[in-house]
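What follows is a short report on a single structure.
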Protein chains: 2
Amino acid sequence: MDMQRPHQHRLPQHLLRAREAVMAYFRPLLNGYGLTEQQWRIMRLLDDRGEMEAGMVADLACILPPSLTGILVRMEKAGLIHRRKDKSDSRRLIVSLSAEGRTLTQQISPQSAACYEQIEQHFGEDKLEQLLQLLTELEQLPAPAAQPAAAEEEAAAD
Amino acid sequence: MDMQRPHQHRLPQHLLRAREAVMAYFRPLLNGYGLTEQQWRIMRLLDDRGEMEAGMVADLACILPPSLTGILVRMEKAGLIHRRKDKSDSRRLIVSLSAEGRTLTQQISPQSAACYEQIEQHFGEDKLEQLLQLLTELEQLPAPAAQPAAAEEEAAAD
DNA sequence: CACGAAATGTTAAGATGTTCAGCATTGTGA
DNA sequence: TCACAATGCTGAACATCTTAACATTTCGTG
């Protein structure tokens, strides 16, 4: 009776919901160790690839620089990481995992993997593979073509 | 040389990145109207299904109740919605779109649909359909089985 | 060397997410 | 009717997101 928009798919909504469903498996684990989602992402990153600049952490962990600043300060205060300026280019900040950070990461990792296995069992290995493939492609979407958007846009930007 | 974990897929990461890639298409549009992502989700919801209780808004828009409280206050202050208590059960809060809210929603909707079409064109209609199917299934993951998680867990619950 | 542009982080301000606690209202059973 | 649990929303505290503006350092070029 209302034949609304042809296919109002709500892709962002579904991506959000799906992420929530998945994170529900990991969140209790991380909470138990007093870690946030973002902190865990950073720790795994540094454990996998070694120390790196803040900018690279931001890119790989999907965290915007202003957020990262505070997160790294708190993580250093918690003894999880070290922060130091690059000697040759003092604009850059080098981030590395501390000894305790590494220990904790390697303690949590197997439990995290176990959570992942549960998800895989429920969802199916093949479908999971398929989904990851599609997501990877979707991530490569070209940036949108700078649409004016609102009613009142500027006359000439420069 | 390091043959780490067998398949460290990072599903949550991919869901996050994919969502970012998609939202990049919608964000400028909403920003142009001074709306946040969450506000827009709520407006579309109310436009589609009419007034409803706050709890239902929270569920359908994937917003936790404590966040929703503030969001609704700001939206009412901005003249986008109305808030009123249910007469028969004064615990419940009924939320409805205001006249201006409805007008704005219907003004933005076609532009939002246009963004969506762009994404569909880039990504492919078939793959999009397939992805949405998988996401919908993933959303139905059973809640995790209450894992003890951390080092210090409780002895016996119940 | 001087100057301006680019690169890299950080601050600031407002909005939202997340968890836990509280408050009011309602439903239920003795 | 009264105690008591359940429901629905709000408050508080902290962490993060988002955008814009700033500070510092480095680079490119004259």
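By convention here, the chains of the structure tokens are called A, B, ... in the order presented, each chain's residues are numbered starting at 1, and ligands are numbered starting at 1 in the order presented.
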Note to self: List the spatial neighbours of Arg44 in chain B as a ChimeraX atom specification - criterion: any atom at most 9 Å away, only C-alpha atoms (C1' of nucleotides), same-chain residues fewer than 5 positions off excluded.
What the structure shows: /B:39,49,102,105-106,109
Write a file of the selected residues as a PDB file, in the first residue's frame, keeping C-alpha atoms.
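Printed below is again-v7.pdb as written:
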```
ATOM      1  CA  GLN B  39      19.572  12.282  13.830  1.00  0.00           C
ATOM      2  CA  ARG B  49       6.718   4.327  10.515  1.00  0.00           C
ATOM      3  CA  ARG B 102       8.907  15.927   8.085  1.00  0.00           C
ATOM      4  CA  THR B 105      13.178  14.614   5.793  1.00  0.00           C
ATOM      5  CA  GLN B 106      11.328  14.587   2.533  1.00  0.00           C
ATOM      6  CA  SER B 109      15.399  11.767   1.038  1.00  0.00           C
TER       7      SER B 109
END
```
Select residues of chain A: the criterion is any atom within 9 Å of an atom of chain C, counting only C-alpha atoms (C1' of nucleotides); output as a JSON list (two decimals) with N, CA and C atoms, in the first residue's frame.
```
[["chain", "number", "residue", "atom", "x", "y", "z"],
["A", 54, "ALA", "N", 52.57, 7.46, 14.50],
["A", 54, "ALA", "CA", 51.18, 7.62, 14.90],
["A", 54, "ALA", "C", 50.25, 7.66, 13.68],
["A", 55, "GLY", "N", 50.70, 8.32, 12.65],
["A", 55, "GLY", "CA", 49.85, 8.44, 11.47],
["A", 55, "GLY", "C", 49.51, 7.08, 10.89],
["A", 65, "PRO", "N", 43.13, 11.11, 13.85],
["A", 65, "PRO", "CA", 44.24, 11.64, 14.64],
["A", 65, "PRO", "C", 43.81, 12.30, 15.96],
["A", 66, "PRO", "N", 42.78, 13.12, 15.97],
["A", 66, "PRO", "CA", 42.44, 13.75, 17.25],
["A", 66, "PRO", "C", 42.06, 12.73, 18.33],
["A", 69, "THR", "N", 45.37, 10.84, 19.60],
["A", 69, "THR", "CA", 46.20, 11.57, 20.57],
["A", 69, "THR", "C", 45.85, 11.17, 22.00],
["A", 91, "ARG", "N", 58.53, 16.02, 13.89],
["A", 91, "ARG", "CA", 57.08, 16.10, 13.78],
["A", 91, "ARG", "C", 56.47, 14.75, 14.10],
["A", 92, "ARG", "N", 57.19, 13.70, 13.77],
["A", 92, "ARG", "CA", 56.62, 12.35, 13.85],
["A", 92, "ARG", "C", 56.70, 11.78, 15.26],
["A", 93, "LEU", "N", 55.66, 11.02, 15.58],
["A", 93, "LEU", "CA", 55.59, 10.35, 16.88],
["A", 93, "LEU", "C", 55.69, 8.84, 16.65]]
```
Note to self: If the cut-off is 12 Å, can you tell me the residues of chain B near chain D, counting only C-alpha atoms (C1' of nucleotides)? I'd like them as JSON, numbers by chain.
What the structure shows: {"B": [27, 28, 31, 34, 36, 37, 53, 54, 55, 56, 58, 64, 65, 66, 67, 68, 69, 70, 73, 85, 86, 89, 90, 91, 92, 93, 94]}
Next item on the list: Hey, list the chain B side of the contact with chain A: 6 Å cut-off, only C-alpha atoms, answer as a ChimeraX atom specification.
Entry: /B:12,17-19,21,25,29,32-33,135,138-139,144,149-150
Mind dumping the selected residues with C-alpha atoms as a compact mmCIF listing (two decimals), in the first residue's frame?
```txt
# COMPACT_ATOMS: atom_id res chain seq x y z
CA PRO B 12 35.04 -6.00 12.92
CA ARG B 17 36.17 0.37 7.15
CA ALA B 18 33.37 -0.58 4.80
CA ARG B 19 30.97 1.53 6.77
CA ALA B 21 33.67 4.13 2.87
CA TYR B 25 28.97 9.42 0.49
CA LEU B 29 24.87 15.70 2.54
CA GLY B 32 25.12 20.38 4.83
CA TYR B 33 21.82 20.30 6.65
CA LEU B 135 24.95 -8.84 6.62
CA LEU B 138 25.29 -12.01 10.40
CA GLU B 139 23.10 -9.68 12.42
CA PRO B 144 27.67 -15.10 22.90
CA ALA B 149 36.84 -13.75 29.72
CA ALA B 150 39.31 -12.17 32.10
```
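Take CA of Arg74 in chain A and CA of Leu46 in chain A: the distance between them is 16.0 Å.
Picture a line from CA of Met75 in chain B to CA of Lys87 in chain B; it runs 22.0 Å.
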Margin query: From a backbone DSSP assignment, name each residue in range 2-49 of chain A labelled helix (DSSP H, G or I), as an NGL selection string.
Written below: :A and (11-32 or 37-49)
